[in-house]
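Source file: target.pdb. Holds: PDB, C-alpha atoms.
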MODEL        1
ATOM      1  CA  MET N   1     -91.455 -14.640  20.099
ATOM      2  CA  ASN N   2     -93.642 -12.036  18.371
ATOM      3  CA  ASN N   3     -96.747 -11.218  20.441
ATOM      4  CA  ASN N   4     -98.872 -10.694  17.342
ATOM      5  CA  SER N   5     -98.148 -14.076  15.798
ATOM      6  CA  ASN N   6     -96.807 -17.498  16.496
ATOM      7  CA  ASP N   7     -93.770 -16.942  14.287
ATOM      8  CA  TRP N   8     -90.290 -16.743  15.766
ATOM      9  CA  LEU N   9     -88.379 -13.537  15.209
ATOM     10  CA  PHE N  10     -85.189 -15.515  14.625
ATOM     11  CA  GLU N  11     -84.754 -19.110  13.644
ATOM     12  CA  ILE N  12     -81.424 -20.913  13.517
ATOM     13  CA  THR N  13     -81.375 -23.460  10.718
ATOM     14  CA  PRO N  14     -78.742 -25.111   8.527
ATOM     15  CA  LYS N  15     -77.696 -23.074   5.535
ATOM     16  CA  ASN N  16     -79.924 -23.680   2.547
ATOM     17  CA  LYS N  17     -77.091 -23.731   0.069
ATOM     18  CA  PHE N  18     -76.384 -27.256  -1.079
ATOM     19  CA  PHE N  19     -72.861 -26.218  -1.956
ATOM     20  CA  SER N  20     -71.046 -23.708   0.211
ATOM     21  CA  LEU N  21     -67.421 -22.841   0.914
ATOM     22  CA  ASN N  22     -67.418 -19.506   2.655
ATOM     23  CA  PHE N  23     -63.757 -18.502   2.836
ATOM     24  CA  LYS N  24     -64.687 -15.295   4.673
ATOM     25  CA  GLU N  25     -66.407 -17.241   7.439
ATOM     26  CA  VAL N  26     -63.524 -19.702   7.703
ATOM     27  CA  TRP N  27     -61.144 -16.753   8.038
ATOM     28  CA  GLN N  28     -63.337 -15.275  10.810
ATOM     29  CA  TYR N  29     -62.910 -18.536  12.716
ATOM     30  CA  ARG N  30     -59.168 -18.751  12.070
ATOM     31  CA  ASP N  31     -58.392 -18.688  15.813
ATOM     32  CA  LEU N  32     -60.496 -21.803  16.262
ATOM     33  CA  LEU N  33     -58.728 -23.373  13.295
ATOM     34  CA  PHE N  34     -55.333 -22.763  14.942
ATOM     35  CA  LEU N  35     -56.639 -24.219  18.220
ATOM     36  CA  PHE N  36     -57.707 -27.393  16.414
ATOM     37  CA  VAL N  37     -54.305 -27.582  14.736
ATOM     38  CA  LYS N  38     -52.605 -27.221  18.108
ATOM     39  CA  ARG N  39     -54.885 -29.905  19.558
ATOM     40  CA  ASP N  40     -54.103 -32.316  16.743
ATOM     41  CA  VAL N  41     -50.350 -31.836  17.123
ATOM     42  CA  ILE N  42     -50.110 -31.947  20.927
ATOM     43  CA  THR N  43     -52.724 -34.482  22.027
ATOM     44  CA  VAL N  44     -51.868 -37.307  19.602
ATOM     45  CA  TYR N  45     -48.664 -38.299  21.415
ATOM     46  CA  LYS N  46     -49.240 -36.480  24.692
ATOM     47  CA  GLN N  47     -49.331 -39.630  26.850
ATOM     48  CA  THR N  48     -46.760 -41.636  24.912
ATOM     49  CA  VAL N  49     -43.219 -42.383  26.031
ATOM     50  CA  LEU N  50     -41.490 -41.434  22.785
ATOM     51  CA  GLY N  51     -43.872 -38.595  21.848
ATOM     52  CA  PRO N  52     -43.084 -36.896  18.511
ATOM     53  CA  LEU N  53     -40.323 -39.446  17.857
ATOM     54  CA  TRP N  54     -43.082 -41.648  16.455
ATOM     55  CA  TYR N  55     -43.142 -39.202  13.524
ATOM     56  CA  LEU N  56     -39.635 -40.466  12.717
ATOM     57  CA  ILE N  57     -39.815 -44.107  13.753
ATOM     58  CA  GLN N  58     -42.660 -45.074  11.425
ATOM     59  CA  PRO N  59     -41.149 -43.894   8.100
ATOM     60  CA  LEU N  60     -37.657 -45.138   9.020
ATOM     61  CA  PHE N  61     -38.784 -48.645   9.947
ATOM     62  CA  THR N  62     -41.107 -48.819   6.948
ATOM     63  CA  SER N  63     -38.280 -47.755   4.622
ATOM     64  CA  VAL N  64     -35.962 -50.393   6.088
ATOM     65  CA  THR N  65     -38.651 -53.062   5.666
ATOM     66  CA  PHE N  66     -39.362 -52.056   2.062
ATOM     67  CA  THR N  67     -35.643 -52.007   1.278
ATOM     68  CA  ILE N  68     -35.184 -55.550   2.587
ATOM     69  CA  ILE N  69     -38.303 -57.018   0.970
ATOM     70  CA  PHE N  70     -38.657 -55.169  -2.327
ATOM     71  CA  ASN N  71     -35.045 -54.301  -3.141
ATOM     72  CA  ASN N  72     -32.929 -57.013  -1.542
ATOM     73  CA  VAL N  73     -35.340 -59.946  -1.866
ATOM     74  CA  ALA N  74     -37.528 -58.999  -4.860
ATOM     75  CA  GLY N  75     -34.622 -57.277  -6.617
ATOM     76  CA  ILE N  76     -36.351 -54.018  -7.591
ATOM     77  CA  ASN N  77     -33.712 -51.710  -9.073
ATOM     78  CA  THR N  78     -33.713 -48.041  -8.074
ATOM     79  CA  GLY N  79     -30.887 -46.995 -10.384
ATOM     80  CA  SER N  80     -28.216 -44.707  -8.972
ATOM     81  CA  VAL N  81     -30.357 -43.801  -5.965
ATOM     82  CA  PRO N  82     -29.813 -45.853  -2.768
ATOM     83  CA  PRO N  83     -32.882 -48.083  -2.234
ATOM     84  CA  PHE N  84     -33.407 -46.841   1.332
ATOM     85  CA  LEU N  85     -33.490 -43.204   0.187
ATOM     86  CA  PHE N  86     -35.764 -44.125  -2.732
ATOM     87  CA  ASN N  87     -38.245 -45.751  -0.345
ATOM     88  CA  LEU N  88     -37.977 -42.993   2.246
ATOM     89  CA  ALA N  89     -38.908 -40.355  -0.347
ATOM     90  CA  GLY N  90     -42.030 -42.234  -1.412
ATOM     91  CA  ILE N  91     -43.102 -43.123   2.120
ATOM     92  CA  THR N  92     -42.638 -39.563   3.410
ATOM     93  CA  VAL N  93     -44.989 -38.140   0.795
ATOM     94  CA  TRP N  94     -47.406 -41.075   1.061
ATOM     95  CA  ASN N  95     -47.633 -40.682   4.850
ATOM     96  CA  TYR N  96     -48.933 -37.141   4.428
ATOM     97  CA  PHE N  97     -51.800 -38.359   2.262
ATOM     98  CA  THR N  98     -52.735 -41.222   4.599
ATOM     99  CA  ALA N  99     -52.572 -38.954   7.654
ATOM    100  CA  CYS N 100     -54.921 -36.462   5.958
ATOM    101  CA  LEU N 101     -57.302 -39.188   4.811
ATOM    102  CA  ASN N 102     -57.391 -41.025   8.152
ATOM    103  CA  GLY N 103     -57.792 -37.808  10.127
ATOM    104  CA  THR N 104     -60.623 -36.383   8.017
ATOM    105  CA  SER N 105     -62.530 -39.612   7.345
ATOM    106  CA  ASP N 106     -63.815 -39.716  10.936
ATOM    107  CA  THR N 107     -64.779 -36.046  11.249
ATOM    108  CA  PHE N 108     -68.469 -36.342  12.115
ATOM    109  CA  LYS N 109     -68.139 -39.359  14.395
ATOM    110  CA  ALA N 110     -65.116 -38.037  16.319
ATOM    111  CA  ASN N 111     -66.527 -34.522  16.784
ATOM    112  CA  ALA N 112     -70.219 -35.288  17.313
ATOM    113  CA  GLY N 113     -70.066 -33.908  20.854
ATOM    114  CA  ILE N 114     -68.723 -30.548  19.690
ATOM    115  CA  PHE N 115     -70.907 -30.283  16.591
ATOM    116  CA  GLY N 116     -74.056 -30.879  18.635
ATOM    117  CA  LYS N 117     -73.361 -28.040  21.081
ATOM    118  CA  VAL N 118     -71.867 -25.070  19.255
ATOM    119  CA  TYR N 119     -71.844 -23.625  15.769
ATOM    120  CA  PHE N 120     -68.749 -23.030  13.674
ATOM    121  CA  PRO N 121     -67.966 -23.844  10.037
ATOM    122  CA  ARG N 122     -67.724 -27.638  10.117
ATOM    123  CA  ILE N 123     -65.098 -27.734   7.389
ATOM    124  CA  ILE N 124     -62.657 -26.187   9.870
ATOM    125  CA  THR N 125     -62.284 -29.582  11.573
ATOM    126  CA  PRO N 126     -61.040 -31.587   8.549
ATOM    127  CA  LEU N 127     -59.095 -28.550   7.342
ATOM    128  CA  SER N 128     -57.205 -28.431  10.644
ATOM    129  CA  VAL N 129     -56.163 -32.062  10.138
ATOM    130  CA  VAL N 130     -54.656 -31.267   6.737
ATOM    131  CA  ILE N 131     -52.754 -28.277   8.154
ATOM    132  CA  SER N 132     -51.524 -30.026  11.316
ATOM    133  CA  ASN N 133     -50.174 -32.917   9.255
ATOM    134  CA  LEU N 134     -47.964 -30.434   7.409
ATOM    135  CA  ILE N 135     -45.972 -30.160  10.648
ATOM    136  CA  LYS N 136     -45.540 -33.927  10.733
ATOM    137  CA  LEU N 137     -44.519 -33.866   7.076
ATOM    138  CA  GLY N 138     -41.981 -31.133   7.793
ATOM    139  CA  ILE N 139     -40.356 -33.218  10.536
ATOM    140  CA  GLN N 140     -40.143 -36.256   8.259
ATOM    141  CA  LEU N 141     -38.682 -34.155   5.435
ATOM    142  CA  VAL N 142     -35.913 -33.010   7.795
ATOM    143  CA  ILE N 143     -35.025 -36.666   8.353
ATOM    144  CA  PHE N 144     -35.098 -37.284   4.607
ATOM    145  CA  ILE N 145     -32.752 -34.331   4.041
ATOM    146  CA  ALA N 146     -30.388 -35.683   6.709
ATOM    147  CA  PHE N 147     -30.151 -39.068   4.956
ATOM    148  CA  TYR N 148     -29.856 -37.333   1.580
ATOM    149  CA  ILE N 149     -26.812 -35.417   2.809
ATOM    150  CA  PHE N 150     -25.387 -38.608   4.337
ATOM    151  CA  TYR N 151     -25.646 -40.569   1.076
ATOM    152  CA  PHE N 152     -24.400 -37.594  -0.939
ATOM    153  CA  PHE N 153     -21.156 -37.348   1.021
ATOM    154  CA  LYS N 154     -20.915 -41.114   0.974
ATOM    155  CA  GLY N 155     -20.521 -40.888  -2.796
ATOM    156  CA  SER N 156     -23.987 -41.724  -4.119
ATOM    157  CA  ASP N 157     -24.960 -40.194  -7.464
ATOM    158  CA  LEU N 158     -27.543 -37.690  -6.232
ATOM    159  CA  SER N 159     -28.523 -34.369  -7.755
ATOM    160  CA  LEU N 160     -31.279 -31.769  -7.532
ATOM    161  CA  ASN N 161     -33.244 -30.106 -10.320
ATOM    162  CA  SER N 162     -35.291 -26.933 -10.726
ATOM    163  CA  SER N 163     -38.587 -28.827 -10.494
ATOM    164  CA  LEU N 164     -37.997 -29.040  -6.732
ATOM    165  CA  LEU N 165     -39.530 -25.550  -6.527
ATOM    166  CA  LEU N 166     -42.888 -27.101  -7.433
ATOM    167  CA  PHE N 167     -42.759 -29.607  -4.580
ATOM    168  CA  PRO N 168     -44.978 -27.492  -2.234
ATOM    169  CA  LEU N 169     -47.607 -27.391  -4.986
ATOM    170  CA  LEU N 170     -47.473 -31.179  -5.221
ATOM    171  CA  ILE N 171     -47.998 -31.469  -1.460
ATOM    172  CA  ALA N 172     -50.954 -29.075  -1.688
ATOM    173  CA  ILE N 173     -52.555 -31.272  -4.365
ATOM    174  CA  MET N 174     -52.099 -34.354  -2.181
ATOM    175  CA  GLY N 175     -53.557 -32.556   0.843
ATOM    176  CA  ILE N 176     -56.624 -31.406  -1.116
ATOM    177  CA  LEU N 177     -57.124 -34.921  -2.491
ATOM    178  CA  GLY N 178     -56.912 -36.399   1.016
ATOM    179  CA  LEU N 179     -59.323 -33.744   2.295
ATOM    180  CA  GLY N 180     -61.846 -34.443  -0.469
ATOM    181  CA  LEU N 181     -61.755 -38.207  -0.016
ATOM    182  CA  GLY N 182     -61.863 -37.796   3.765
ATOM    183  CA  MET N 183     -65.000 -35.636   3.613
ATOM    184  CA  LEU N 184     -66.649 -38.204   1.317
ATOM    185  CA  ILE N 185     -65.853 -41.104   3.633
ATOM    186  CA  SER N 186     -66.763 -39.146   6.765
ATOM    187  CA  SER N 187     -70.184 -38.372   5.317
ATOM    188  CA  MET N 188     -70.753 -42.046   4.481
ATOM    189  CA  VAL N 189     -69.575 -43.252   7.896
ATOM    190  CA  THR N 190     -72.440 -41.387   9.579
ATOM    191  CA  LYS N 191     -74.869 -43.876   8.024
ATOM    192  CA  TYR N 192     -72.719 -46.839   7.085
ATOM    193  CA  ARG N 193     -70.229 -47.705   9.821
ATOM    194  CA  ASP N 194     -68.668 -50.392   7.621
ATOM    195  CA  PHE N 195     -66.714 -47.713   5.766
ATOM    196  CA  SER N 196     -64.638 -46.984   8.859
ATOM    197  CA  TYR N 197     -63.411 -50.597   8.832
ATOM    198  CA  LEU N 198     -62.695 -50.531   5.117
ATOM    199  CA  VAL N 199     -60.553 -47.375   5.232
ATOM    200  CA  ALA N 200     -57.495 -49.002   6.839
ATOM    201  CA  PHE N 201     -57.632 -51.963   4.468
ATOM    202  CA  GLY N 202     -58.249 -49.726   1.475
ATOM    203  CA  ILE N 203     -55.275 -47.496   2.278
ATOM    204  CA  GLN N 204     -52.929 -50.476   2.516
ATOM    205  CA  LEU N 205     -54.157 -51.786  -0.829
ATOM    206  CA  LEU N 206     -53.960 -48.334  -2.390
ATOM    207  CA  MET N 207     -50.331 -47.977  -1.309
ATOM    208  CA  TYR N 208     -49.314 -50.925  -3.490
ATOM    209  CA  LEU N 209     -51.168 -49.375  -6.430
ATOM    210  CA  SER N 210     -49.567 -45.946  -5.963
ATOM    211  CA  ALA N 211     -45.945 -46.788  -6.909
ATOM    212  CA  VAL N 212     -44.703 -46.031  -3.393
ATOM    213  CA  MET N 213     -42.045 -48.744  -3.371
ATOM    214  CA  TYR N 214     -41.320 -49.114  -7.090
ATOM    215  CA  PRO N 215     -40.935 -46.906 -10.192
ATOM    216  CA  MET N 216     -44.023 -46.580 -12.401
ATOM    217  CA  GLU N 217     -41.967 -47.694 -15.402
ATOM    218  CA  LEU N 218     -41.287 -51.022 -13.692
ATOM    219  CA  ILE N 219     -44.955 -52.020 -13.454
ATOM    220  CA  LYS N 220     -45.452 -51.086 -17.113
ATOM    221  CA  THR N 221     -42.532 -53.291 -18.124
ATOM    222  CA  LYS N 222     -43.041 -56.267 -15.799
ATOM    223  CA  LEU N 223     -46.843 -56.385 -15.766
ATOM    224  CA  PRO N 224     -48.108 -54.554 -18.858
ATOM    225  CA  SER N 225     -51.537 -56.166 -18.537
ATOM    226  CA  TYR N 226     -52.045 -54.579 -15.108
ATOM    227  CA  GLY N 227     -50.068 -51.385 -15.617
ATOM    228  CA  TRP N 228     -53.213 -49.450 -16.475
ATOM    229  CA  ILE N 229     -54.381 -49.816 -12.840
ATOM    230  CA  VAL N 230     -51.417 -47.760 -11.666
ATOM    231  CA  GLU N 231     -51.664 -45.343 -14.594
ATOM    232  CA  TYR N 232     -55.259 -44.485 -13.669
ATOM    233  CA  ASN N 233     -54.305 -43.877 -10.043
ATOM    234  CA  PRO N 234     -53.691 -40.119  -9.553
ATOM    235  CA  LEU N 235     -51.629 -40.802  -6.421
ATOM    236  CA  ALA N 236     -49.060 -42.729  -8.465
ATOM    237  CA  TYR N 237     -48.250 -39.596 -10.482
ATOM    238  CA  ILE N 238     -47.828 -37.576  -7.281
ATOM    239  CA  ILE N 239     -45.442 -40.145  -5.796
ATOM    240  CA  GLU N 240     -43.485 -40.515  -9.044
ATOM    241  CA  SER N 241     -43.233 -36.737  -9.520
ATOM    242  CA  SER N 242     -42.160 -36.190  -5.911
ATOM    243  CA  ARG N 243     -39.299 -38.688  -6.323
ATOM    244  CA  TYR N 244     -38.198 -36.887  -9.455
ATOM    245  CA  MET N 245     -38.219 -33.561  -7.609
ATOM    246  CA  LEU N 246     -36.426 -34.904  -4.538
ATOM    247  CA  LEU N 247     -34.038 -37.427  -6.122
ATOM    248  CA  ASN N 248     -33.944 -36.584  -9.822
ATOM    249  CA  VAL N 249     -35.022 -40.117 -10.667
ATOM    250  CA  GLY N 250     -37.934 -41.213 -12.840
ATOM    251  CA  GLU N 251     -39.907 -38.596 -14.721
ATOM    252  CA  ILE N 252     -42.689 -36.034 -14.463
ATOM    253  CA  SER N 253     -45.668 -36.720 -16.701
ATOM    254  CA  VAL N 254     -47.373 -33.439 -17.570
ATOM    255  CA  ILE N 255     -50.414 -35.323 -18.839
ATOM    256  CA  GLY N 256     -50.439 -37.482 -15.714
ATOM    257  CA  LEU N 257     -50.259 -34.455 -13.410
ATOM    258  CA  GLY N 258     -52.997 -32.730 -15.400
ATOM    259  CA  TYR N 259     -55.147 -35.809 -14.932
ATOM    260  CA  THR N 260     -54.292 -35.829 -11.211
ATOM    261  CA  VAL N 261     -55.246 -32.176 -10.733
ATOM    262  CA  THR N 262     -58.548 -32.759 -12.554
ATOM    263  CA  ILE N 263     -59.426 -35.783 -10.413
ATOM    264  CA  THR N 264     -58.403 -33.892  -7.260
ATOM    265  CA  ILE N 265     -60.676 -30.942  -8.050
ATOM    266  CA  VAL N 266     -63.619 -33.222  -8.863
ATOM    267  CA  ILE N 267     -63.197 -35.290  -5.674
ATOM    268  CA  PHE N 268     -62.743 -32.183  -3.500
ATOM    269  CA  PHE N 269     -65.908 -30.446  -4.715
ATOM    270  CA  LEU N 270     -67.893 -33.691  -4.628
ATOM    271  CA  GLY N 271     -66.690 -34.300  -1.077
ATOM    272  CA  LEU N 272     -67.562 -30.737  -0.075
ATOM    273  CA  LEU N 273     -70.990 -31.085  -1.654
ATOM    274  CA  ILE N 274     -71.842 -34.250   0.278
ATOM    275  CA  PHE N 275     -70.154 -32.916   3.441
ATOM    276  CA  ASN N 276     -72.400 -29.819   3.412
ATOM    277  CA  LYS N 277     -75.477 -31.973   2.902
ATOM    278  CA  THR N 278     -74.530 -34.403   5.673
ATOM    279  CA  GLU N 279     -73.777 -31.742   8.302
ATOM    280  CA  LYS N 280     -77.436 -30.691   8.301
ATOM    281  CA  SER N 281     -78.716 -34.012   9.602
ATOM    282  CA  PHE N 282     -75.730 -36.091  10.761
ATOM    283  CA  ILE N 283     -76.478 -35.574  14.459
ATOM    284  CA  ASP N 284     -79.576 -37.790  14.059
ATOM    285  CA  THR N 285     -77.604 -40.691  12.649
ATOM    286  CA  VAL N 286     -74.232 -40.625  14.470
TER
ENDMDL
END

In structure tokens, what does this structure look like?
Amino acid sequence: MNNNSNDWLFEITPKNKFFSLNFKEVWQYRDLLFLFVKRDVITVYKQTVLGPLWYLIQPLFTSVTFTIIFNNVAGINTGSVPPFLFNLAGITVWNYFTACLNGTSDTFKANAGIFGKVYFPRIITPLSVVISNLIKLGIQLVIFIAFYIFYFFKGSDLSLNSSLLLFPLLIAIMGILGLGLGMLISSMVTKYRDFSYLVAFGIQLLMYLSAVMYPMELIKTKLPSYGWIVEYNPLAYIIESSRYMLLNVGEISVIGLGYTVTITIVIFFLGLLIFNKTEKSFIDTV
């Protein structure tokens, strides 16, 4: 403290900027980011019997269930693509979004102990979730490729197209959308705990509105009065486009993807805005 006055020489306070995304600072803490990624990958299944095999069991069993219910019972036609492979493609991409959203939507509550003791860019925590889930996605894509090869040599009419090169960009869009929504929900959970209970229910409902287990064209044909609900869902265009890239089935809507990118950018910056505001005072409410 200065002897000549009662003012502190240095005062540590939250950043005054209401909106801040300091890439330079995040890069300076990249070692911490990698440690969080390692933690997320290793600790999740550390004390489980099957370990990382759960990465494979969930999409496989879900695909089998969807195939029985929606294709065999409900009679949803997937064209020349085997129903199981059709469902596996949608579920694999959808799982990445849900993993990002679930992992980031509890950021402040789950890391309150760390946030209250040491400083680092808070966005590193949700960002590490998005990156670590890429590893899970990679494992599930390997399984998808294995079944793709199996059905190909079995005689199924499968083919690739040049749009497959844009698939990483599609995954990036989905990751950013999950990150933005997760930051929004995480900020709300600090004050309203009810949101944490609504997330699981909301994700299940959103899955049925995101064309995960059916083509978008089907809902427009069968239920034209309700088709607009799916058309206004940006996730539906990501799922539909990913199936076109992976299976050459369906179509890619340029307008729909443009709409999706716009919504993603808006949600991400809105989430970042509220996230930055919440981190200044969340410790008093968590």

Selected residue, from N:Tyr259, N:Tyr237, N:Tyr214, N:Phe34, that lies nearest to Ser128 (chain N) when counting only C-alpha atoms |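 Of N:Tyr259, N:Tyr237, N:Tyr214, N:Phe34, the one nearest Ser128 (chain N), counting only C-alpha atoms, is N:Phe34.
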
Among listed residues N:Asn77, N:Gln140, N:Asn102, N:Gln204, nearest Leu60 (chain N) (using all atoms listed in the file) |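 Of all the options, N:Gln140 lies closest to Leu60 (chain N).
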
Residues at most 10 Å from Asn161 (chain N), counting all atoms listed in the file, excluding those fewer than 6 positions away in the same chain, as a compact mmCIF listing (two decimals) with C-alpha atoms, keeping the file's coordinate frame?
# COMPACT_ATOMS: atom_id res chain seq x y z
CA TYR N 244 -38.20 -36.89 -9.46
CA MET N 245 -38.22 -33.56 -7.61
CA LEU N 246 -36.43 -34.90 -4.54
CA LEU N 247 -34.04 -37.43 -6.12
CA ASN N 248 -33.94 -36.58 -9.82

Give as a PyMOL selection string the residues that the PyMOL selection byres ((chain N and resi 120) around 12) matches when applied to the coordinates above.
-> chain N and resi 14+22+25-33+114-119+121-125+279

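Closest to Ile274 (chain N) among N:Val73, N:Val93, N:Ile139, N:Ile185 is N:Ile185, based on all atoms listed in the file.
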
At what distance in Å, to one decimal, does CA of Asn111 (chain N) lie from CA of Ile57 (chain N)?
-> 28.5 Å

Name the residues captured by the PyMOL selection byres ((chain N and resi 196) around 12) when it is applied to the shown file; answer as a PyMOL selection string.
-> chain N and resi 101-110+182+184-195+197-203

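For the choices N:Arg243, N:Ile42, N:Leu134, N:Leu257, the atom-to-atom distance to Met213 (chain N) is smallest for N:Arg243 when using all atoms listed in the file.
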
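Comparing the minimum interatomic distances between Met174 (chain N) and each of N:Ser242, N:Ser80, N:Ser253, N:Thr278, counting all atoms listed in the file, we find that N:Ser242 sits nearest.
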
Hey, which of N:Val81, N:Phe144, N:Ser163, N:Asn87 ends up closest to Ile69 (chain N)? Count all atoms listed in the file.
-> N:Asn87

Just give me the residues with any atom within 9 Å of (-36.3, -52.1, 0.9), file coordinates, counting all atoms listed in the file, written as a PyMOL selection string.
-> chain N and resi 62-73+76+83-84+86-87+213

Atom-to-atom span, CA of Val129 (chain N) and CA of Ile252 (chain N), Å | 28.3 Å

Quick one, how far is CA of Asn233 (chain N) from CA of Ser210 (chain N)?
-> 6.6 Å

Excluding Ile263 (chain N) and residues on its chain fewer than 6 positions from it, collect all residues at most 12 Å away from it, counting all atoms listed in the file, and give them as a PyMOL selection string.
-> chain N and resi 173-174+176-178+180-181+232-235+237+256-257+269-271
